[in-house]
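Colleague: For reference, the structure I am asking about is given below.
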Amino acid sequence: TADARVAVRTRALTKVFRGFRAVDAVDLEVREGSVHALVGPNGAGKTTLFNLLTGFLTPTSGTILVFDEDVTGQPPERVARRGVARSFQITSLFETLTSREHVELALQGLTSQGFRFWRSEKLLGRDRARVEDLLEQVGLLRLADKPVGLLAYGQKRALELSLVLALEPRLMLLDEPTAGMGIEDVDRTIELIRRIAAGRTVVLVDHNMRVVGSLADRVTVLQQGRILAEGPYDEVRNDERVITAYLGE
Ligand code: ADP
């Protein structure tokens with residue numbers, strides 16, 4: 001509806017790399033509480049847009065509002081404090097630590113640099129319950145004490161989602177959460193994202209149209225840094241320009 005609140009609004013957002021317009025005058029609107037997919041051929045600017053929204057890149061021009069607050073040019077820590085959390089395509093798990101230990105670290109806001117000062121005994125009982133709740137949400141509770149190196153690929157990706165969830169984000173940005181997965185893991189991940197999307201806003205980049213079609217309330221199609229089409233999945237997927245853009249890939 002017209003009065004739905006907006007989680008993210010960009011105006012003429014532009015990122016130029018040495019004369020090349022990777023993101024070009026993008027006006028993106030993500031409604032609060034929705035799952036919003038960003039799709040488009042390789043090189044369309046999806047990752048660059050993600051990096052702009054989370055403060056990992058500074059725009060060349062244009063503005064970014066997150067929950068009505070102007071975050072343009074703010075560093076990632078400041079944007080994160082607005083309740084924005086993202087997942088990465090590249091895993092950064094410690095093979096010798098367990099899932100439980102990873103979630104404990106995430107809840108303590110620790111990075112790999114702070115790790116050697118960490119002691120598991122310091123966790124309060126309240127936090128232990130929270131750790132188990134997060135592991136339960138992603139289906140890893142029964143594997144909580146296994147070293148991550150022994151987990152299957154799909155389980156590692158589920159663990160990564162729990163680490164993003166630990167930050168209790170209002171806005172969650174997921175970068176190709178099903179990349180490299182077989183069909184069973186894809187279906188499990190779709191269900192998982194559906195559950196964790198309840199009560200928050202999710203922006204999702206995924207090449208798998210099954211994922212986008214199952215999850216996304218709205219889809220923005222990017223091509224050469226510009227918005228080619230925007231709307232509900234069924235509308236967008238039948239759009240002639242979108243079909244042409246994909247065939248031309
Ligand atoms: P997508 O995620 O949709 O595949 P990207 O955002 O990764 O697209 O890239 C969009 C375009 O911007 C590509 O042509 C890419 O080569 C270029 N690009 C991305 N990052 C940089 C960079 N740091 N320097 C120069 N060009 C870049």
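For the structure tokens, the naming scheme is as follows: chains receive sequential letters (A, B, ...) according to their order of presentation, residues are indexed from 1 within each chain, and ligands are indexed from 1 in presentation order.
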From the DSSP assignment of the backbone, select every residue of range 23-174 of chain A that is helix (DSSP H, G or I), and format the answer as a count of residues only.

Modeller: 64

Colleague: With the cut-off set at 10 Å and counting only C-alpha atoms and all ligand atoms, tabulate each residue of chain A with an atom at most that distance from an atom of ligand 1, showing the nearest atom pair and its distance in Å to one decimal, ordered by chain and increasing number, as a Markdown table.

Modeller:
```
| residue | atom | partner | partner_atom_place_in_ligand_line | distance |
| --- | --- | --- | --- | --- |
| A:Lys15 | CA | ligand 1 | 12 (O) | 8.7 |
| A:Val16 | CA | ligand 1 | 26 (N) | 8.1 |
| A:Phe17 | CA | ligand 1 | 25 (C) | 4.8 |
| A:Arg18 | CA | ligand 1 | 25 (C) | 6.8 |
| A:Gly19 | CA | ligand 1 | 25 (C) | 9.1 |
| A:Phe20 | CA | ligand 1 | 26 (N) | 7.0 |
| A:Arg21 | CA | ligand 1 | 12 (O) | 7.1 |
| A:Ala22 | CA | ligand 1 | 12 (O) | 4.1 |
| A:Val23 | CA | ligand 1 | 10 (C) | 7.2 |
| A:Leu38 | CA | ligand 1 | 3 (O) | 8.8 |
| A:Val39 | CA | ligand 1 | 3 (O) | 7.5 |
| A:Gly40 | CA | ligand 1 | 3 (O) | 6.2 |
| A:Pro41 | CA | ligand 1 | 3 (O) | 6.2 |
| A:Asn42 | CA | ligand 1 | 4 (O) | 3.7 |
| A:Gly43 | CA | ligand 1 | 8 (O) | 3.4 |
| A:Ala44 | CA | ligand 1 | 3 (O) | 3.7 |
| A:Gly45 | CA | ligand 1 | 6 (O) | 3.2 |
| A:Lys46 | CA | ligand 1 | 3 (O) | 3.8 |
| A:Thr47 | CA | ligand 1 | 2 (O) | 3.7 |
| A:Thr48 | CA | ligand 1 | 6 (O) | 3.7 |
| A:Leu49 | CA | ligand 1 | 6 (O) | 6.4 |
| A:Phe50 | CA | ligand 1 | 6 (O) | 8.0 |
| A:Asn51 | CA | ligand 1 | 6 (O) | 8.4 |
| A:Leu52 | CA | ligand 1 | 6 (O) | 9.9 |
| A:Leu57 | CA | ligand 1 | 23 (N) | 9.0 |
| A:Asp175 | CA | ligand 1 | 2 (O) | 9.3 |
| A:Glu176 | CA | ligand 1 | 2 (O) | 9.9 |
| A:Val205 | CA | ligand 1 | 2 (O) | 8.4 |
| A:Asp206 | CA | ligand 1 | 2 (O) | 9.9 |
| A:His207 | CA | ligand 1 | 3 (O) | 9.9 |
| A:Val221 | CA | ligand 1 | 3 (O) | 9.9 |
| A:Leu222 | CA | ligand 1 | 3 (O) | 7.5 |
| A:Gln223 | CA | ligand 1 | 3 (O) | 7.9 |
| A:Gln224 | CA | ligand 1 | 10 (C) | 7.2 |
| A:Gly225 | CA | ligand 1 | 10 (C) | 6.8 |
```

Colleague: Using only C-alpha atoms, please write the residues we just selected to a file, as a PDB file, in the first residue's frame.

Modeller:
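Saved the output as out26.pdb:
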```pdb
ATOM      1  CA  LYS A  15      29.094   4.664  -8.107  1.00  0.00           C
ATOM      2  CA  VAL A  16      31.732   5.368 -10.714  1.00  0.00           C
ATOM      3  CA  PHE A  17      34.930   3.296 -10.865  1.00  0.00           C
ATOM      4  CA  ARG A  18      37.556   5.069 -12.999  1.00  0.00           C
ATOM      5  CA  GLY A  19      34.935   6.462 -15.368  1.00  0.00           C
ATOM      6  CA  PHE A  20      32.819   3.279 -15.350  1.00  0.00           C
ATOM      7  CA  ARG A  21      29.301   3.686 -13.937  1.00  0.00           C
ATOM      8  CA  ALA A  22      28.800   0.421 -11.990  1.00  0.00           C
ATOM      9  CA  VAL A  23      25.664   1.832 -10.296  1.00  0.00           C
ATOM     10  CA  LEU A  38      17.961  -7.736  -6.622  1.00  0.00           C
ATOM     11  CA  VAL A  39      18.589  -9.671  -9.806  1.00  0.00           C
ATOM     12  CA  GLY A  40      20.348  -9.058 -13.088  1.00  0.00           C
ATOM     13  CA  PRO A  41      23.068 -10.439 -15.327  1.00  0.00           C
ATOM     14  CA  ASN A  42      26.679 -10.622 -14.128  1.00  0.00           C
ATOM     15  CA  GLY A  43      28.202  -7.170 -13.891  1.00  0.00           C
ATOM     16  CA  ALA A  44      24.791  -5.503 -13.477  1.00  0.00           C
ATOM     17  CA  GLY A  45      25.922  -3.764 -10.286  1.00  0.00           C
ATOM     18  CA  LYS A  46      24.199  -5.891  -7.613  1.00  0.00           C
ATOM     19  CA  THR A  47      27.260  -6.356  -5.409  1.00  0.00           C
ATOM     20  CA  THR A  48      28.246  -2.721  -5.776  1.00  0.00           C
ATOM     21  CA  LEU A  49      24.741  -1.668  -4.723  1.00  0.00           C
ATOM     22  CA  PHE A  50      24.962  -3.995  -1.675  1.00  0.00           C
ATOM     23  CA  ASN A  51      28.295  -2.476  -0.742  1.00  0.00           C
ATOM     24  CA  LEU A  52      26.866   1.045  -1.067  1.00  0.00           C
ATOM     25  CA  LEU A  57      31.645   1.654  -0.534  1.00  0.00           C
ATOM     26  CA  ASP A 175      24.334 -12.055  -0.780  1.00  0.00           C
ATOM     27  CA  GLU A 176      23.619 -15.245  -2.758  1.00  0.00           C
ATOM     28  CA  VAL A 205      20.715 -11.168  -4.250  1.00  0.00           C
ATOM     29  CA  ASP A 206      20.295 -14.584  -5.821  1.00  0.00           C
ATOM     30  CA  HIS A 207      20.752 -16.010  -9.286  1.00  0.00           C
ATOM     31  CA  VAL A 221      16.155  -6.045 -12.122  1.00  0.00           C
ATOM     32  CA  LEU A 222      19.447  -4.277 -12.711  1.00  0.00           C
ATOM     33  CA  GLN A 223      21.273  -4.077 -15.994  1.00  0.00           C
ATOM     34  CA  GLN A 224      24.476  -2.141 -16.575  1.00  0.00           C
ATOM     35  CA  GLY A 225      24.049  -0.284 -13.304  1.00  0.00           C
TER      36      GLY A 225
END
```

Colleague: Using only C-alpha atoms, which of the listed residues (A:Gly199, A:Pro177, A:Gly213, A:Gly139) sits closest to Ser34 in chain A?

Modeller: A:Gly199

Colleague: So, counting only C-alpha atoms, which residue among A:Leu165, A:Leu107, A:Val71, A:Ala179 is closest to Ile193 in chain A?

Modeller: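 Of A:Leu165, A:Leu107, A:Val71, A:Ala179, the one nearest Ile193 in chain A, counting only C-alpha atoms, is A:Leu165.
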
Colleague: Can you pull out every residue within 6 Å of Leu171 in chain A, counting only C-alpha atoms, but drop anything in the same chain fewer than 2 positions away, and send it as an MDAnalysis selection string?

Modeller: chainID A and resid 84 169 201:202

Colleague: Filtering to C-alpha atoms, could you give me those residues as a compact mmCIF listing (two decimals), in the first residue's frame?

Modeller:
```txt
# COMPACT_ATOMS: atom_id res chain seq x y z
CA VAL A 84 21.55 -3.31 9.07
CA PRO A 169 18.96 -6.83 12.31
CA THR A 201 13.14 -6.58 5.97
CA VAL A 202 15.32 -8.71 3.71
```
